[in-house]
Amino acid sequence: KFMDKLKGIVIKSTGSWYRVLAENAKNYECRIKGKFRLEGSKSTNPVAVGDEVVFHSDETKEYAVIDKIQKRKNFIVRKATNLSRQSHVIASNIDYTVLIATISNPRISSAFIDRFLVISSAYEIEPIIVFNKIDVLNTEEKEKIRELKKLYLSLNYQCIDISAKTSENVDLLKKIIKGKKTLFVGQSGVGKSTLLNNLKPGLKIKTLETSKISGKGKHATTFYEMHQTEKDTFIIDSPGIRELGLHDFEAFEIALFFPEIKKYSVDCKFNTCLHKNEPKCAVIAAVESGKISVQRYINYRKILSDFDK
């Protein structure tokens with residue numbers, strides 16, 4: 001016999017099987033009904049971690065069936081392989097993206113931070129920059145973080161200093177992400193696994209390996225999983241930012257995701273201005289007069305150059 005329709009949230013997706021955490025706090029292994037295609041979606045996977053779904057469980061079968069995906073608040077994609085115009089949705093309905101950055105071992109580039117901020121903003125997710133390993137910084141490195149924080153705080157981005165190792169300020173981060181769904185991003189070596197395991201002891205998150213052949217994250221074999229750390233609080237581990245892509249955006253839109261460039265661009269002579277070398281560009285003038293950080297402008301141009309390919 002059919003059970004009632006149940007509601008739940010997808011916490012793991014392997015591409016053919018989906019683990020759904022139902023409102024009754026039970027986990028169900030689900031499949032999807034027939035050929036599921038989201039309207040207007042060019043993604044390779046119709047169901048992603050974070051999706052809120054309606055499903056039914058048939059007692060004669062070992063698995064439940066997803067009947068409907070609720071409208072997504074947002075989602076974030078990884079670049080699909082170059083051969084395809086499609087994207088792969090990593091996760092949906094995310095409240096925060098957290099970038100774990102370190103000033104040395106490994107040293108984060110500001111281009112990396114800015115790309116992360118642009119991708120988060122493009123997909124309407126609030127970004128948080130977390131500077132890890134503050135327990136091992138020398139005076140010069142502390143100063144560097146202070147400068148970076150000053151810049152990003154002036155642009156209204158949240159920044160936190162933590163030490164995943166000694167747990168300093170980890171409680172502060174816990175407080176912010178409580179009751180939310182948060183996607184964690186970071187290069188290898190920044191202490192992402194240490195932090196995630198600190199947020200939920202016993203989690204034993206394995207770092208997502210990238211394929212040796214291409215050096216890029218493998219597509220078929222990377223399963224995304226959302227971990228519940230407390231009631232209504234979920235964390236998702238993700239591949240590096242290089243795998244995260246801007247899908248279906250135009251070059252002129254990139255300026256919208258740099259708040260200070262967006263602000264000055266209203267005074268440009270041409271509304272199609274890309275702030276490269278156009279005449280009477282208010283953004284270039286603002287860079288020259290020190291109102292916009294030169295480094296941020298360089299990073300904007302780097303992201304823009306992706307569209308020339």
# chains A, B, ... in the order shown; residues from 1 in each chain; ligands from 1

call {"tool": "select_by_dssp", "arguments": {"residues": "stretch 72-151 of chain A", "states": "helix (DSSP H, G or I)", "output": "VMD selection string"}}
result
chain A and resid 110 to 122 134 to 136 139 to 151

call {"tool": "residues_around", "arguments": {"residues": "stretch 89-106 of chain A", "least_positions_apart": "4", "cutoff": "6 Å", "atoms": "only C-alpha atoms", "output": "compact mmCIF listing (two decimals) with N, CA and C atoms, in the first residue's frame"}}
result
# COMPACT_ATOMS: atom_id res chain seq x y z
N ALA A 48 19.46 17.96 -6.55
CA ALA A 48 20.73 18.28 -5.90
C ALA A 48 20.57 18.27 -4.39
N VAL A 49 21.71 18.18 -3.69
CA VAL A 49 21.72 18.28 -2.24
C VAL A 49 21.11 19.63 -1.85
N GLY A 50 20.23 19.61 -0.86
CA GLY A 50 19.58 20.85 -0.42
C GLY A 50 18.19 21.02 -1.00
N ASP A 51 17.89 20.24 -2.04
CA ASP A 51 16.55 20.34 -2.63
C ASP A 51 15.49 19.88 -1.64
N ARG A 72 13.44 26.19 -5.99
CA ARG A 72 14.69 26.49 -5.29
C ARG A 72 14.81 27.98 -4.99
N LYS A 73 15.31 28.28 -3.80
CA LYS A 73 15.59 29.67 -3.42
C LYS A 73 16.83 30.15 -4.19
N ASN A 74 17.81 29.26 -4.32
CA ASN A 74 19.04 29.54 -5.07
C ASN A 74 19.74 28.21 -5.30
N PHE A 75 20.85 28.26 -6.00
CA PHE A 75 21.67 27.05 -6.17
C PHE A 75 23.05 27.51 -6.58
N ILE A 76 24.01 26.60 -6.54
CA ILE A 76 25.37 26.94 -6.97
C ILE A 76 25.86 25.80 -7.86
N VAL A 77 26.59 26.15 -8.91
CA VAL A 77 26.98 25.10 -9.87
C VAL A 77 28.48 24.91 -9.91
N ILE A 125 23.82 34.08 -2.73
CA ILE A 125 24.12 33.42 -1.45
C ILE A 125 25.06 34.36 -0.69
N GLU A 126 24.83 34.50 0.61
CA GLU A 126 25.68 35.42 1.38
C GLU A 126 27.03 34.78 1.69
N PRO A 127 28.13 35.45 1.28
CA PRO A 127 29.45 34.86 1.53
C PRO A 127 30.04 35.30 2.87
N ILE A 128 30.84 34.43 3.45
CA ILE A 128 31.59 34.77 4.67
C ILE A 128 33.04 34.37 4.42
N ILE A 129 33.97 35.26 4.72
CA ILE A 129 35.39 34.93 4.58
C ILE A 129 35.91 34.56 5.96
N VAL A 130 36.44 33.35 6.07
CA VAL A 130 36.98 32.88 7.35
C VAL A 130 38.49 32.72 7.21
N PHE A 131 39.24 33.52 7.98
CA PHE A 131 40.70 33.40 7.96
C PHE A 131 41.11 32.40 9.04
N ASN A 132 41.64 31.28 8.59
CA ASN A 132 42.00 30.20 9.52
C ASN A 132 43.49 30.26 9.88
N LYS A 180 21.05 27.22 9.70
CA LYS A 180 21.24 27.54 8.28
C LYS A 180 21.87 26.37 7.53
N LYS A 181 21.86 26.51 6.21
CA LYS A 181 22.58 25.56 5.35
C LYS A 181 23.78 26.30 4.79
N THR A 182 24.97 25.76 5.05
CA THR A 182 26.20 26.46 4.68
C THR A 182 27.11 25.58 3.83
N LEU A 183 27.59 26.15 2.75
CA LEU A 183 28.52 25.45 1.87
C LEU A 183 29.93 25.95 2.16
N PHE A 184 30.84 25.01 2.43
CA PHE A 184 32.23 25.37 2.75
C PHE A 184 33.13 25.14 1.55
N VAL A 185 33.96 26.14 1.28
CA VAL A 185 34.87 26.09 0.14
C VAL A 185 36.28 26.41 0.64
N GLY A 186 37.29 25.78 0.03
CA GLY A 186 38.66 26.13 0.42
C GLY A 186 39.65 25.28 -0.34
N VAL A 190 44.09 24.34 3.69
CA VAL A 190 43.65 25.49 4.50
C VAL A 190 43.00 25.07 5.81

call {"tool": "residues_around", "arguments": {"residues": "A:Arg19", "least_positions_apart": "4", "cutoff": "6 Å", "atoms": "only C-alpha atoms", "output": "list in words"}}
result
Val10, Ile11, Lys12, Tyr28 and Glu29 of chain A

call {"tool": "closest_residue", "arguments": {"among": "A:Leu274, A:Ala64, A:Leu196, A:Ile176", "to": "A:Ser238", "atoms": "only C-alpha atoms"}}
result
A:Leu196

call {"tool": "closest_atom_pairs", "arguments": {"of": "stretch 113-173 of chain A", "to": "stretch 295-301 of chain A", "cutoff": "12 Å", "atoms": "only C-alpha atoms", "output": "tab-separated table"}}
result
residue	atom	partner	partner_atom	distance
A:Ile113	CA	A:Asn299	CA	9.3
A:Asp114	CA	A:Asn299	CA	6.7
A:Arg115	CA	A:Asn299	CA	7.8
A:Phe116	CA	A:Asn299	CA	11.2
A:Leu117	CA	A:Tyr300	CA	11.1
A:Val118	CA	A:Tyr300	CA	9.2
A:Leu148	CA	A:Gln295	CA	11.0
A:Leu151	CA	A:Arg296	CA	9.6
A:Tyr152	CA	A:Arg296	CA	10.3
A:Leu155	CA	A:Arg296	CA	11.3

call {"tool": "closest_residue", "arguments": {"among": "A:Lys150, A:Gln187, A:Asn198, A:Ile69", "to": "A:Thr166", "atoms": "only C-alpha atoms"}}
result
A:Asn198

call {"tool": "closest_residue", "arguments": {"among": "A:Ile145, A:Ala22, A:Ile177, A:Ile162", "to": "A:Ile108", "atoms": "only C-alpha atoms"}}
result
A:Ile145

call {"tool": "atom_distance", "arguments": {"atom1": "atom CA of A:Asn45", "atom2": "atom CA of A:Ser16"}}
result
9.2 Å

call {"tool": "select_by_dssp", "arguments": {"residues": "stretch 3-231 of chain A", "states": "strand (DSSP E)", "output": "count of residues only"}}
result
74

call {"tool": "residues_around", "arguments": {"residues": "A:Lys263", "least_positions_apart": "4", "cutoff": "12 Å", "atoms": "only C-alpha atoms", "output": "MDAnalysis selection string"}}
result
chainID A and resid 155 255:259 267:268 282:283 286 291:292

call {"tool": "closest_residue", "arguments": {"among": "A:Gly290, A:Gly179, A:Gly191, A:Gly15", "to": "A:Thr233", "atoms": "only C-alpha atoms"}}
result
A:Gly179

call {"tool": "atom_distance", "arguments": {"atom1": "atom CA of A:Ala122", "atom2": "atom CA of A:Asp248"}}
result
10.4 Å

call {"tool": "residues_around", "arguments": {"residues": "A:Asp67", "least_positions_apart": "3", "cutoff": "7 Å", "atoms": "only C-alpha atoms", "output": "CSV table (one decimal) with all heavy atoms, in the first residue's frame"}}
result
chain,number,residue,atom,x,y,z
A,32,ILE,N,14.3,8.8,-8.6
A,32,ILE,CA,13.4,9.8,-9.1
A,32,ILE,C,12.5,9.2,-10.1
A,32,ILE,O,12.8,8.2,-10.7
A,32,ILE,CB,14.1,11.0,-9.7
A,32,ILE,CG1,15.2,10.6,-10.7
A,32,ILE,CG2,14.6,12.0,-8.7
A,32,ILE,CD1,15.9,11.8,-11.3
A,33,LYS,N,11.3,9.8,-10.2
A,33,LYS,CA,10.2,9.2,-11.1
A,33,LYS,C,10.6,9.5,-12.5
A,33,LYS,O,10.7,10.7,-12.9
A,33,LYS,CB,8.9,10.0,-10.7
A,33,LYS,CG,7.7,9.3,-11.2
A,33,LYS,CD,6.5,9.8,-10.5
A,33,LYS,CE,6.1,11.2,-11.1
A,33,LYS,NZ,4.9,11.7,-10.5
A,54,VAL,N,9.1,16.3,-2.4
A,54,VAL,CA,7.9,15.6,-1.9
A,54,VAL,C,8.1,14.2,-2.5
A,54,VAL,O,8.5,14.0,-3.6
A,54,VAL,CB,6.6,16.2,-2.5
A,54,VAL,CG1,5.4,15.4,-2.0
A,54,VAL,CG2,6.5,17.7,-2.0
A,55,PHE,N,8.0,13.2,-1.6
A,55,PHE,CA,8.2,11.8,-2.1
A,55,PHE,C,7.2,10.9,-1.5
A,55,PHE,O,6.5,11.2,-0.5
A,55,PHE,CB,9.6,11.4,-1.8
A,55,PHE,CG,10.0,11.2,-0.3
A,55,PHE,CD1,10.0,10.0,0.3
A,55,PHE,CD2,10.2,12.4,0.5
A,55,PHE,CE1,10.3,9.8,1.6
A,55,PHE,CE2,10.5,12.2,1.8
A,55,PHE,CZ,10.6,11.0,2.4

call {"tool": "atom_distance", "arguments": {"atom1": "atom CA of A:Trp17", "atom2": "atom CA of A:Met226"}}
result
14.5 Å
